[in-house]
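Asks: Input final-v8.cif, format and content: mmCIF, C-alpha atoms and all ligand atoms.
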data_final
#
loop_
_atom_site.label_atom_id
_atom_site.label_comp_id
_atom_site.auth_asym_id
_atom_site.auth_seq_id
_atom_site.Cartn_x
_atom_site.Cartn_y
_atom_site.Cartn_z
CA MET A 1 35.42 101.23 80.35
CA PRO A 2 34.44 99.62 77.00
CA ALA A 3 32.62 102.15 74.81
CA ASN A 4 29.87 99.89 73.47
CA LEU A 5 27.87 99.13 76.63
CA PRO A 6 24.09 99.30 76.16
CA PRO A 7 22.08 101.96 78.06
CA GLN A 8 20.52 99.29 80.34
CA TYR A 9 23.97 98.66 81.69
CA PHE A 10 24.27 102.20 82.98
CA GLU A 11 20.84 101.97 84.58
CA ALA A 12 21.90 98.82 86.42
CA GLU A 13 25.12 100.55 87.41
CA LYS A 14 23.11 103.44 88.81
CA SER A 15 21.04 101.07 90.96
CA TYR A 16 24.32 99.51 92.09
CA ARG A 17 25.64 102.88 93.23
CA THR A 18 22.43 103.81 95.03
CA ALA A 19 21.88 100.34 96.56
CA LYS A 20 21.92 100.37 100.35
CA SER A 21 22.27 96.72 101.31
CA PRO A 22 24.82 94.17 100.08
CA ALA A 23 21.93 92.01 98.80
CA GLU A 24 20.68 94.88 96.60
CA LYS A 25 24.20 95.53 95.41
CA ILE A 26 24.60 91.88 94.43
CA THR A 27 21.35 91.94 92.46
CA ALA A 28 22.49 95.03 90.56
CA LEU A 29 25.92 93.55 89.86
CA GLU A 30 24.33 90.31 88.60
CA GLU A 31 22.23 92.41 86.24
CA MET A 32 25.23 94.37 84.99
CA LEU A 33 26.97 91.09 84.33
CA SER A 34 24.07 89.66 82.37
CA ILE A 35 23.69 92.78 80.21
CA MET A 36 27.35 93.22 79.40
CA PRO A 37 28.36 92.03 75.92
CA LYS A 38 30.71 89.06 76.03
CA HIS A 39 33.95 89.66 74.16
CA LYS A 40 37.63 90.23 74.82
CA GLY A 41 37.13 93.96 75.44
CA THR A 42 34.91 93.30 78.45
CA ASP A 43 36.91 90.40 79.96
CA HIS A 44 38.52 92.57 82.58
CA LEU A 45 35.31 94.29 83.64
CA ARG A 46 33.39 91.01 83.87
CA ALA A 47 36.09 89.49 86.06
CA GLU A 48 35.96 92.60 88.25
CA LEU A 49 32.16 92.34 88.66
CA ARG A 50 32.42 88.65 89.56
CA SER A 51 34.97 89.34 92.26
CA ARG A 52 32.80 92.16 93.67
CA ILE A 53 29.85 89.72 93.82
CA ALA A 54 32.02 87.15 95.59
CA LYS A 55 33.21 89.71 98.17
CA LEU A 56 29.71 90.99 98.91
CA THR A 57 28.41 87.42 99.26
CA GLN A 58 31.09 86.70 101.84
CA GLN A 59 30.17 89.86 103.77
CA LEU A 60 26.53 88.94 103.67
CA ALA A 61 27.23 85.43 104.90
CA LYS A 62 29.19 86.77 107.87
CA LYS A 63 26.40 89.13 108.90
CA SER A 64 23.25 87.08 108.54
CA GLY A 65 23.26 84.99 111.71
CA THR A 66 21.05 81.92 111.30
CA GLN A 67 21.47 81.57 107.58
CA ARG A 68 25.19 81.66 107.98
CA ALA A 69 25.39 78.04 109.07
CA SER A 70 23.96 76.69 105.86
CA MET A 71 25.78 79.15 103.67
CA MET A 72 29.27 78.59 104.96
CA ILE A 73 29.60 74.84 104.82
CA GLU A 74 33.29 74.37 104.81
CA LYS A 75 34.75 71.91 102.40
CA GLU A 76 35.91 68.68 104.00
CA GLY A 77 37.54 65.67 102.41
CA ALA A 78 38.76 65.35 98.83
CA ALA A 79 36.00 67.47 97.25
CA GLN A 80 32.69 69.18 97.90
CA ILE A 81 29.80 68.16 95.68
CA ALA A 82 26.35 69.73 95.74
CA ILE A 83 23.31 67.61 94.89
CA THR A 84 20.86 69.73 92.96
CA GLY A 85 17.55 69.11 91.23
CA LEU A 86 13.85 69.82 91.31
CA PRO A 87 11.64 69.24 94.38
CA ASN A 88 11.04 65.59 95.35
CA SER A 89 13.73 64.16 93.10
CA GLY A 90 15.26 62.41 96.12
CA LYS A 91 18.18 64.66 97.06
CA SER A 92 17.67 64.18 100.78
CA GLN A 93 17.05 60.43 100.35
CA LEU A 94 20.32 60.10 98.43
CA ILE A 95 22.31 61.87 101.16
CA ALA A 96 20.65 59.64 103.76
CA SER A 97 21.46 56.46 101.78
CA ILE A 98 25.05 57.18 100.78
CA THR A 99 26.33 59.05 103.87
CA LYS A 100 25.70 58.95 107.60
CA ALA A 101 23.76 62.23 107.57
CA SER A 102 20.03 62.17 108.31
CA PRO A 103 18.08 64.90 106.51
CA VAL A 104 14.29 65.24 106.38
CA ILE A 105 12.85 63.06 103.58
CA ALA A 106 9.29 63.80 102.63
CA ASP A 107 6.82 63.20 99.82
CA TYR A 108 5.87 66.89 99.69
CA PRO A 109 8.00 69.40 97.80
CA LEU A 110 10.19 72.00 99.48
CA SER A 111 10.90 69.84 102.52
CA THR A 112 14.54 70.94 102.54
CA HIS A 113 15.22 74.55 103.53
CA ASN A 114 18.79 74.25 104.65
CA ALA A 115 21.89 72.69 103.24
CA LEU A 116 23.25 69.65 105.02
CA PRO A 117 26.63 68.03 104.49
CA GLY A 118 27.42 64.31 104.62
CA MET A 119 30.63 62.40 103.93
CA MET A 120 30.60 59.72 101.26
CA GLU A 121 33.32 57.09 101.29
CA PHE A 122 35.00 56.02 98.08
CA GLU A 123 37.68 53.38 98.62
CA ASP A 124 40.24 55.16 100.82
CA ILE A 125 39.02 58.75 100.46
CA LYS A 126 36.03 60.74 101.64
CA ILE A 127 34.03 63.12 99.49
CA GLN A 128 31.61 65.67 100.92
CA LEU A 129 28.08 65.75 99.52
CA LEU A 130 25.66 68.62 100.18
CA ASP A 131 21.90 68.22 100.37
CA THR A 132 20.44 71.50 99.10
CA PRO A 133 17.02 73.14 98.71
CA PRO A 134 15.43 72.47 95.31
CA LEU A 135 15.72 74.50 92.12
CA GLY A 136 12.60 75.87 90.52
CA PRO A 137 10.44 78.94 90.38
CA HIS A 138 10.06 79.06 94.17
CA THR A 139 11.73 81.39 96.59
CA ILE A 140 15.29 80.35 96.28
CA GLN A 141 17.40 80.87 99.38
CA TRP A 142 19.78 83.74 98.62
CA TRP A 143 22.75 81.59 99.58
CA LEU A 144 21.94 78.75 97.17
CA PRO A 145 23.60 80.25 94.06
CA PRO A 146 26.90 81.01 95.85
CA MET A 147 26.82 77.56 97.44
CA LEU A 148 26.43 75.81 94.10
CA ARG A 149 29.09 78.05 92.55
CA GLN A 150 31.49 77.24 95.31
CA ALA A 151 31.11 73.45 95.08
CA ASP A 152 33.75 71.51 93.16
CA ALA A 153 31.12 69.69 91.13
CA LEU A 154 27.36 69.08 90.87
CA LEU A 155 25.12 66.03 90.86
CA LEU A 156 22.07 66.78 88.72
CA LEU A 157 19.41 64.57 90.25
CA ILE A 158 16.46 63.57 88.10
CA ASP A 159 13.30 61.74 89.17
CA ILE A 160 13.10 59.22 86.36
CA SER A 161 9.41 58.50 87.02
CA TYR A 162 8.35 61.50 84.91
CA ASP A 163 9.60 63.46 81.91
CA PRO A 164 13.38 63.40 82.42
CA LEU A 165 14.15 65.77 79.54
CA ALA A 166 11.88 68.50 80.85
CA GLN A 167 13.56 68.18 84.25
CA LEU A 168 17.03 68.37 82.77
CA ASN A 169 16.07 71.43 80.75
CA GLN A 170 14.69 73.13 83.81
CA ILE A 171 17.77 72.32 85.85
CA GLU A 172 19.96 73.70 83.08
CA ALA A 173 17.88 76.86 82.79
CA ASN A 174 17.87 77.43 86.56
CA LEU A 175 21.60 76.96 86.80
CA GLU A 176 22.18 79.29 83.89
CA MET A 177 20.19 81.98 85.71
CA MET A 178 22.63 81.50 88.56
CA ARG A 179 25.41 81.95 86.01
CA ILE A 180 26.47 78.34 86.34
CA LEU A 181 27.30 76.22 83.31
CA PHE A 182 28.32 72.60 83.45
CA LYS A 183 30.50 70.55 81.14
CA GLY A 184 28.28 69.06 78.46
CA SER A 185 25.56 71.65 78.97
CA VAL A 186 23.79 72.62 75.76
CA ALA A 187 23.27 76.20 76.91
CA LYS A 188 26.72 77.49 76.09
CA THR A 189 29.92 75.72 75.27
CA GLU A 190 32.49 78.47 74.96
CA GLU A 191 34.60 79.42 77.94
CA ASP A 192 32.83 82.49 79.20
CA ILE A 193 34.46 84.05 82.24
CA SER A 194 31.25 85.68 83.45
CA TYR A 195 30.01 82.15 84.29
CA TRP A 196 31.08 79.59 86.83
CA HIS A 197 32.03 76.38 85.03
CA LYS A 198 31.33 73.13 86.88
CA LYS A 199 31.84 69.46 86.35
CA ALA A 200 28.54 67.60 86.57
CA LEU A 201 27.08 64.10 86.59
CA VAL A 202 23.45 63.32 85.81
CA VAL A 203 21.90 60.91 88.32
CA ALA A 204 18.66 59.18 87.32
CA ASN A 205 16.87 58.28 90.56
CA LYS A 206 13.90 56.02 91.43
CA LEU A 207 14.86 53.27 89.00
CA ASP A 208 13.11 50.79 91.33
CA ILE A 209 9.78 51.81 89.81
CA ASP A 210 9.83 49.40 86.85
CA TYR A 211 8.04 51.43 84.19
CA ASN A 212 10.87 53.92 84.53
CA ASP A 213 13.15 51.97 82.17
CA HIS A 214 11.55 53.75 79.24
CA ASN A 215 12.28 57.20 80.67
CA TYR A 216 15.84 56.21 81.43
CA LYS A 217 16.41 55.19 77.79
CA LEU A 218 14.91 58.48 76.67
CA LEU A 219 17.39 60.35 78.83
CA LEU A 220 20.38 58.34 77.58
CA ASP A 221 19.37 58.82 73.93
CA ASN A 222 19.01 62.53 74.43
CA LEU A 223 22.30 63.02 76.22
CA GLN A 224 24.30 61.02 73.64
CA ASN A 225 27.33 60.88 75.90
CA ARG A 226 27.63 64.65 76.19
CA ILE A 227 27.41 64.10 79.92
CA SER A 228 27.69 60.89 81.98
CA VAL A 229 24.61 59.37 83.58
CA VAL A 230 24.30 56.93 86.47
CA ALA A 231 21.00 55.19 87.31
CA ILE A 232 20.20 54.54 90.95
CA SER A 233 17.48 53.85 93.45
CA ALA A 234 18.33 56.01 96.44
CA LEU A 235 15.49 54.39 98.37
CA GLN A 236 16.60 50.79 97.77
CA LYS A 237 20.30 51.68 97.80
CA LYS A 238 20.84 50.32 94.31
CA GLY A 239 23.53 51.57 91.93
CA LEU A 240 25.29 53.43 94.74
CA ASP A 241 28.70 51.82 94.09
CA LYS A 242 28.47 52.86 90.45
CA LEU A 243 27.57 56.35 91.62
CA ARG A 244 30.60 56.51 93.93
CA LEU A 245 32.82 55.53 91.01
CA GLY A 246 31.06 57.98 88.68
CA ILE A 247 31.64 60.79 91.16
CA TYR A 248 35.29 59.88 91.55
CA ARG A 249 35.79 59.79 87.76
CA MET A 250 33.97 63.09 87.27
CA LEU A 251 36.31 64.79 89.75
CA ASP A 252 39.33 63.79 87.64
CA ILE A 253 41.58 63.45 90.67
CA ILE A 254 44.41 61.09 91.58
CA ARG A 255 45.59 59.61 94.88
CA VAL A 256 49.27 59.58 95.72
CA TYR A 257 50.80 57.92 98.78
CA THR A 258 53.93 59.09 100.56
CA LYS A 259 56.52 56.94 102.24
CA ALA A 260 59.67 57.46 104.24
CA PRO A 261 62.91 55.79 103.05
CA GLY A 262 63.04 52.15 104.11
CA GLU A 263 59.42 52.15 105.23
CA LYS A 264 56.12 51.18 103.72
CA ALA A 265 53.69 53.74 102.27
CA VAL A 266 51.04 55.04 104.63
CA ALA A 267 48.02 53.06 103.49
CA GLY A 268 44.62 54.69 103.45
CA ASP A 269 45.89 58.25 103.71
CA PRO A 270 46.58 59.54 100.21
CA ILE A 271 47.27 63.06 99.02
CA VAL A 272 44.51 63.96 96.60
CA LEU A 273 45.55 66.01 93.57
CA PRO A 274 44.01 67.06 90.27
CA ASN A 275 44.80 64.69 87.41
CA GLY A 276 47.83 66.05 85.56
CA SER A 277 49.71 66.96 88.75
CA THR A 278 53.46 66.53 88.96
CA LEU A 279 55.84 65.37 91.64
CA LEU A 280 56.48 69.01 92.48
CA ASP A 281 52.73 69.59 93.02
CA ALA A 282 52.63 66.62 95.38
CA ALA A 283 55.64 67.90 97.29
CA SER A 284 54.13 71.36 97.82
CA ASN A 285 50.88 69.71 98.88
CA VAL A 286 52.72 67.87 101.66
CA HIS A 287 54.36 71.08 102.84
CA LYS A 288 54.62 74.50 101.22
CA ASP A 289 58.40 74.56 101.65
CA PHE A 290 58.94 71.14 100.14
CA ALA A 291 58.77 72.26 96.52
CA ALA A 292 61.80 74.51 97.03
CA LYS A 293 63.66 72.00 99.17
CA LEU A 294 63.06 68.91 97.05
CA ARG A 295 66.37 67.38 95.91
CA TYR A 296 65.02 64.24 94.33
CA ALA A 297 62.24 61.71 94.68
CA ARG A 298 61.78 58.01 94.11
CA ILE A 299 58.59 56.66 92.73
CA TRP A 300 56.73 53.37 92.67
CA GLY A 301 53.77 52.62 90.47
CA SER A 302 53.78 54.67 87.30
CA GLY A 303 57.49 54.17 86.49
CA LYS A 304 58.63 51.18 84.47
CA HIS A 305 61.08 50.32 87.25
CA ASP A 306 59.84 50.57 90.77
CA GLY A 307 61.81 52.92 92.96
CA ILE A 308 63.32 54.92 90.09
CA MET A 309 64.40 58.50 90.61
CA ALA A 310 61.90 60.81 89.01
CA SER A 311 62.20 64.41 87.83
CA ARG A 312 60.24 67.23 89.43
CA ASN A 313 57.86 67.51 86.51
CA HIS A 314 57.15 63.78 86.37
CA LEU A 315 53.40 63.31 85.82
CA LEU A 316 51.84 61.32 88.63
CA LYS A 317 49.24 58.58 88.25
CA ASP A 318 46.50 57.39 90.56
CA GLY A 319 47.98 55.00 93.12
CA ASP A 320 51.61 56.14 92.83
CA ILE A 321 53.81 55.94 95.91
CA ILE A 322 56.43 58.65 96.33
CA GLU A 323 59.45 59.06 98.57
CA LEU A 324 60.56 62.69 98.85
CA HIS A 325 64.22 63.50 99.53
CA LEU A 326 64.87 67.02 100.76
N1 LIG B 1 10.42 54.86 94.69
C1 LIG B 1 11.38 55.69 95.10
N2 LIG B 1 11.07 56.79 95.82
C2 LIG B 1 12.08 57.62 96.22
C3 LIG B 1 13.45 57.36 95.88
N3 LIG B 1 14.20 58.35 96.40
C4 LIG B 1 13.36 59.20 97.03
N4 LIG B 1 12.07 58.76 96.93
C5 LIG B 1 10.86 59.40 97.49
O1 LIG B 1 10.65 60.66 96.88
C6 LIG B 1 10.15 61.60 97.82
C7 LIG B 1 11.04 62.82 97.89
O2 LIG B 1 12.29 62.46 98.44
P1 LIG B 1 13.25 63.56 99.09
O3 LIG B 1 14.56 62.89 99.33
O4 LIG B 1 12.61 64.24 100.25
O5 LIG B 1 13.33 64.57 97.85
P2 LIG B 1 14.03 66.02 97.78
O6 LIG B 1 12.93 67.01 97.80
O7 LIG B 1 14.73 66.04 96.46
O8 LIG B 1 14.98 66.14 98.93
C8 LIG B 1 10.05 60.85 99.16
O9 LIG B 1 8.73 60.38 99.33
C9 LIG B 1 11.02 59.69 98.98
O10 LIG B 1 10.66 58.57 99.76
C10 LIG B 1 13.75 56.17 95.12
O11 LIG B 1 14.88 55.83 94.79
N5 LIG B 1 12.67 55.38 94.77
MG MG B 2 15.07 67.44 100.38
#
If you took the structure in this file and wrote it as structure tokens, what would it be?
Ligand SMILES: Nc1nc2c(ncn2[C@@H]2O[C@H](COP(=O)(O)OP(=O)(O)O)[C@@H](O)[C@H]2O)c(=O)[nH]1
Ligand SMILES: [Mg+2]
Replies:
Amino acid sequence: MPANLPPQYFEAEKSYRTAKSPAEKITALEEMLSIMPKHKGTDHLRAELRSRIAKLTQQLAKKSGTQRASMMIEKEGAAQIAITGLPNSGKSQLIASITKASPVIADYPLSTHNALPGMMEFEDIKIQLLDTPPLGPHTIQWWLPPMLRQADALLLLIDISYDPLAQLNQIEANLEMMRILFKGSVAKTEEDISYWHKKALVVANKLDIDYNDHNYKLLLDNLQNRISVVAISALQKKGLDKLRLGIYRMLDIIRVYTKAPGEKAVAGDPIVLPNGSTLLDAASNVHKDFAAKLRYARIWGSGKHDGIMASRNHLLKDGDIIELHL
């Protein structure tokens, strides 16, 4: 136990020990985490607290009947992305326009109480999007923070018809309270292990309302490329192809196709891997035993000569075709 913990920490720890329900325990652990000084000496303890929070959240999700459904949305497809933002920004409209899901869309705030998944197609892969309840000073569903933390990436949806910078600030502040930081966030830049670090894309919605151009420029000027922005009209289905591409790029993934000797690659059914993956990573993705059994592989696409033999640590590129020899 690091010696220099402030007295408030021990108070929070006491409420953790006396807490009766998992929900109370989580609250106390979150508090301990926020009080604890952030330096090398507390790394281990902070990691420990995070894993206790994760375990308790899982327990809670298993117990709490009706809420379980929205909490435990299993990842499907190449990635799971949560759409988040303030009330009325158009989260549900976006899901309805870009996937086949049909959530409630309404002009009053807080119309979404549950999370709803939908599958978005991008070329030959599918990416799961989650419609979620809004951020803000309202009663936030207890499962919203773990859901956002669990997602592979976030879409930060902004209603461009009013003050975009205030909205972005509020989104950032709300996420930070949930211990979530995103790449390009001004809040904190250092790698802090007591936070969940997410990739994020800012989506400026309602661009169909013409006076919104001004607000959009304001947003772009302020962000100065620290985070990518895509402008859309969810209602009129404009900019959605750009959004699909933006999401794909944000994920930083590659698609690799396998083929059997003498045959063509299976079109439309790629293995999806993080950018920077090697042939060996692809092999173990196909089957856990393949990495050990792999004798050699031939590769088409990223090599200078198609069909060359490639080494196990050959870096793969999007669109490569591989032939594994065991
Ligand atoms: N003009 C315009 N209105 C939109 C757009 N997207 C959503 N809306 C409207 O904004 C309101 C809130 O939308 P909703 O999807 O329910 O927002 P949510 O609370 O973020 O889920 C509804 O009245 C929608 O019709 C858009 O692209 N353009
Ligand atoms: Mg909604």
Asks: For each of A:Ile83, A:Ala151, A:Arg179, A:Ile127, take the minimum atom-to-atom distance to A:Ile193, counting all atoms listed in the file, then give the residue where this is smallest.
Replies: A:Arg179
Asks: I'd like a table as JSON lines: residues in chain A with an atom no more than 6 Å from ligand MG 2 (chain B), each row giving the shortest atom pair and its distance in Å to one decimal, only C-alpha atoms and all ligand atoms counted, sorted by chain and rising residue number.
Replies:
{"residue": "A:Lys91", "atom": "CA", "partner": "B:MG2", "partner_atom": "MG", "distance": 5.3}
{"residue": "A:Ser92", "atom": "CA", "partner": "B:MG2", "partner_atom": "MG", "distance": 4.2}
{"residue": "A:Ile105", "atom": "CA", "partner": "B:MG2", "partner_atom": "MG", "distance": 5.9}
{"residue": "A:Ser111", "atom": "CA", "partner": "B:MG2", "partner_atom": "MG", "distance": 5.3}
{"residue": "A:Thr112", "atom": "CA", "partner": "B:MG2", "partner_atom": "MG", "distance": 4.1}
Asks: Which residue out of A:Gly301, A:Gly85, A:Gly90, A:Pro6 has the minimum interatomic distance to ligand LIG 1 (chain B) when all atoms listed in the file are used?
Replies: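 That would be A:Gly90, the residue with the smallest distance to ligand LIG 1 (chain B).
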Asks: Calculated over all atoms listed in the file, which of the candidates A:His39, A:Asp241, A:Arg52, A:Gln128 has the smallest distance to A:Asn4?
Replies: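 Between A:His39, A:Asp241, A:Arg52, A:Gln128, the residue approaching A:Asn4 most closely is A:His39.
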Asks: Choose the residue, out of A:Leu207, A:Ala19, A:Leu223, A:Leu45, that has the smallest atom-to-atom separation from A:Asn169; count only C-alpha atoms.
Replies: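 Closest to A:Asn169 of all the choices is A:Leu223.
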Asks: Counting all atoms listed in the file, which protein, DNA or RNA residues come within 10 Å of ligand LIG 1 (chain B), given as number ranges by chain?
Replies: A: 83-97, 103-113, 131-135, 157-161, 204-210, 231-238
Asks: Calculate how many Å separate atom CA of A:Ala310 from atom CA of A:Ala292, rounding to one decimal.
Replies: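 It comes out at 15.9 Å.
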Asks: When distances are computed from only C-alpha atoms, which of A:Ala115, A:Ile299, A:Leu240, A:Leu294 shows the smallest separation from A:Leu148?
Replies: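 Checking each of A:Ala115, A:Ile299, A:Leu240, A:Leu294 against A:Leu148, counting only C-alpha atoms, the winner is A:Ala115.
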Asks: Since the input lacks atoms, please generate N, CA and C atoms for stretch 82-103 of chain A and provide them as a short mmCIF file (atom, residue, chain, number, x, y, z; two decimals), in the coordinates of the input.
Replies:
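Contents of selection39.cif, freshly written:
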data_model
loop_
_atom_site.label_atom_id
_atom_site.label_comp_id
_atom_site.auth_asym_id
_atom_site.auth_seq_id
_atom_site.Cartn_x
_atom_site.Cartn_y
_atom_site.Cartn_z
N ALA A 82 27.72 69.37 95.39
CA ALA A 82 26.35 69.73 95.74
C ALA A 82 25.37 68.91 94.91
N ILE A 83 24.37 68.33 95.60
CA ILE A 83 23.31 67.61 94.89
C ILE A 83 22.22 68.62 94.59
N THR A 84 21.88 68.76 93.30
CA THR A 84 20.86 69.73 92.96
C THR A 84 19.82 69.09 92.06
N GLY A 85 18.63 69.66 92.04
CA GLY A 85 17.55 69.11 91.23
C GLY A 85 16.23 69.72 91.65
N LEU A 86 15.16 69.27 91.03
CA LEU A 86 13.85 69.82 91.31
C LEU A 86 13.31 69.22 92.61
N PRO A 87 12.21 69.78 93.14
CA PRO A 87 11.64 69.24 94.38
C PRO A 87 11.29 67.76 94.22
N ASN A 88 11.46 67.00 95.31
CA ASN A 88 11.04 65.59 95.35
C ASN A 88 11.84 64.63 94.49
N SER A 89 12.96 65.08 93.94
CA SER A 89 13.73 64.16 93.10
C SER A 89 14.48 63.13 93.94
N GLY A 90 14.61 63.39 95.24
CA GLY A 90 15.26 62.41 96.12
C GLY A 90 16.63 62.84 96.62
N LYS A 91 16.87 64.15 96.62
CA LYS A 91 18.18 64.66 97.06
C LYS A 91 18.46 64.26 98.50
N SER A 92 17.47 64.48 99.36
CA SER A 92 17.67 64.18 100.78
C SER A 92 17.78 62.67 100.99
N GLN A 93 16.96 61.90 100.25
CA GLN A 93 17.05 60.43 100.35
C GLN A 93 18.43 59.94 99.96
N LEU A 94 18.99 60.52 98.90
CA LEU A 94 20.32 60.10 98.43
C LEU A 94 21.38 60.36 99.50
N ILE A 95 21.36 61.55 100.09
CA ILE A 95 22.31 61.87 101.16
C ILE A 95 22.16 60.87 102.31
N ALA A 96 20.90 60.55 102.65
CA ALA A 96 20.65 59.64 103.76
C ALA A 96 21.17 58.23 103.43
N SER A 97 21.07 57.83 102.16
CA SER A 97 21.46 56.46 101.78
C SER A 97 22.96 56.29 101.59
N ILE A 98 23.64 57.35 101.17
CA ILE A 98 25.05 57.18 100.78
C ILE A 98 26.02 57.76 101.82
N THR A 99 25.48 58.53 102.80
CA THR A 99 26.33 59.05 103.87
C THR A 99 25.66 58.74 105.21
N LYS A 100 26.29 59.19 106.29
CA LYS A 100 25.70 58.95 107.60
C LYS A 100 24.80 60.10 108.06
N ALA A 101 24.62 61.10 107.19
CA ALA A 101 23.76 62.23 107.57
C ALA A 101 22.29 61.82 107.54
N SER A 102 21.46 62.52 108.33
CA SER A 102 20.03 62.17 108.31
C SER A 102 19.14 63.39 108.10
N PRO A 103 18.94 63.77 106.83
CA PRO A 103 18.08 64.90 106.51
C PRO A 103 16.60 64.50 106.55
#
